[in-house]
Amino acid sequence: MAKECQICGKKSQGFRKLVKLRGKYNPSTKKRRYPNLQWTRVPVGIKKESFKEFAGKRILACTKCIKTLSKKK
């Protein structure tokens with residue numbers, strides 16, 4: 001299973017960190033940042049359109065989507 005949010009599609013990002021030492025940049029390693037994904041169950045009677053297709057299922061979602069999911073409006 002891919003490390004990707006099933007709702008918004010957020011996935012890992014690669015980046016390089018440059019370290020400056022005595023006026024020169026040292027070659028540095030590449031790093032990868034992963035989103036904070038957690039297993040959550042979507043309620044059956046959800047009203048928000050972006051979550052309707054996942055109603056009643058257990059999905060892997062990022063914390064931003066879980067926070068949006070918990071809002072009642």
# chains A, B, ... in the order shown; residues from 1 in each chain; ligands from 1

$ residues_around --residues "Arg33 of chain A" --least-positions-apart "6" --cutoff "10 Å" --atoms "only C-alpha atoms" --output "PyMOL selection string"
chain A and resi 11-15

$ residues_around --residues "Leu37 of chain A" --least-positions-apart "5" --cutoff "9 Å" --atoms "only C-alpha atoms" --output "PDB file with N, CA and C atoms, in the first residue's frame"
ATOM      1  N   LYS A   3       2.111   5.126   0.529  1.00  0.00           N
ATOM      2  CA  LYS A   3       1.991   6.091   1.611  1.00  0.00           C
ATOM      3  C   LYS A   3       1.383   7.359   1.039  1.00  0.00           C
ATOM      4  N   GLU A   4       0.056   7.315   0.867  1.00  0.00           N
ATOM      5  CA  GLU A   4      -0.666   8.418   0.243  1.00  0.00           C
ATOM      6  C   GLU A   4      -2.052   8.531   0.865  1.00  0.00           C
ATOM      7  N   CYS A   5      -2.491   9.764   1.107  1.00  0.00           N
ATOM      8  CA  CYS A   5      -3.830   9.999   1.636  1.00  0.00           C
ATOM      9  C   CYS A   5      -4.852   9.626   0.573  1.00  0.00           C
ATOM     10  N   LEU A  60      -6.940   5.180   4.955  1.00  0.00           N
ATOM     11  CA  LEU A  60      -5.700   5.796   5.401  1.00  0.00           C
ATOM     12  C   LEU A  60      -5.755   7.257   4.979  1.00  0.00           C
ATOM     13  N   ALA A  61      -5.854   8.181   5.949  1.00  0.00           N
ATOM     14  CA  ALA A  61      -6.020   9.605   5.636  1.00  0.00           C
ATOM     15  C   ALA A  61      -5.016  10.445   6.414  1.00  0.00           C
ATOM     16  N   CYS A  62      -4.683  11.607   5.857  1.00  0.00           N
ATOM     17  CA  CYS A  62      -3.789  12.531   6.556  1.00  0.00           C
ATOM     18  C   CYS A  62      -4.568  13.229   7.676  1.00  0.00           C
ATOM     19  N   THR A  63      -3.853  13.794   8.613  1.00  0.00           N
ATOM     20  CA  THR A  63      -4.499  14.396   9.775  1.00  0.00           C
ATOM     21  C   THR A  63      -5.322  15.626   9.407  1.00  0.00           C
TER      22      THR A  63
END

$ select_by_dssp --residues "chain A" --states "strand (DSSP E or B)" --output "JSON, numbers by chain"
{"A": [4, 11, 13, 14, 15, 16, 19, 20, 21, 24, 25, 26, 30, 31, 32, 33, 37, 38, 39, 40, 41, 58, 59, 60, 61, 62]}

$ residues_around --residues "segment 45-57 of chain A" --least-positions-apart "3" --cutoff "8 Å" --atoms "only C-alpha atoms" --output "MDAnalysis selection string"
chainID A and resid 7 41:42 69

$ atom_distance --atom1 "atom CA of Gly9 of chain A" --atom2 "atom CA of Lys31 of chain A"
20.2 Å

$ select_by_dssp --residues "chain A" --states "alpha helix (DSSP H)" --output "list in words"
Thr63, Lys64, Cys65, Ile66, Lys67, Thr68, Leu69 and Ser70 of chain A

$ atom_distance --atom1 "atom CA of Thr68 of chain A" --atom2 "atom CA of Ala2 of chain A"
22.0 Å
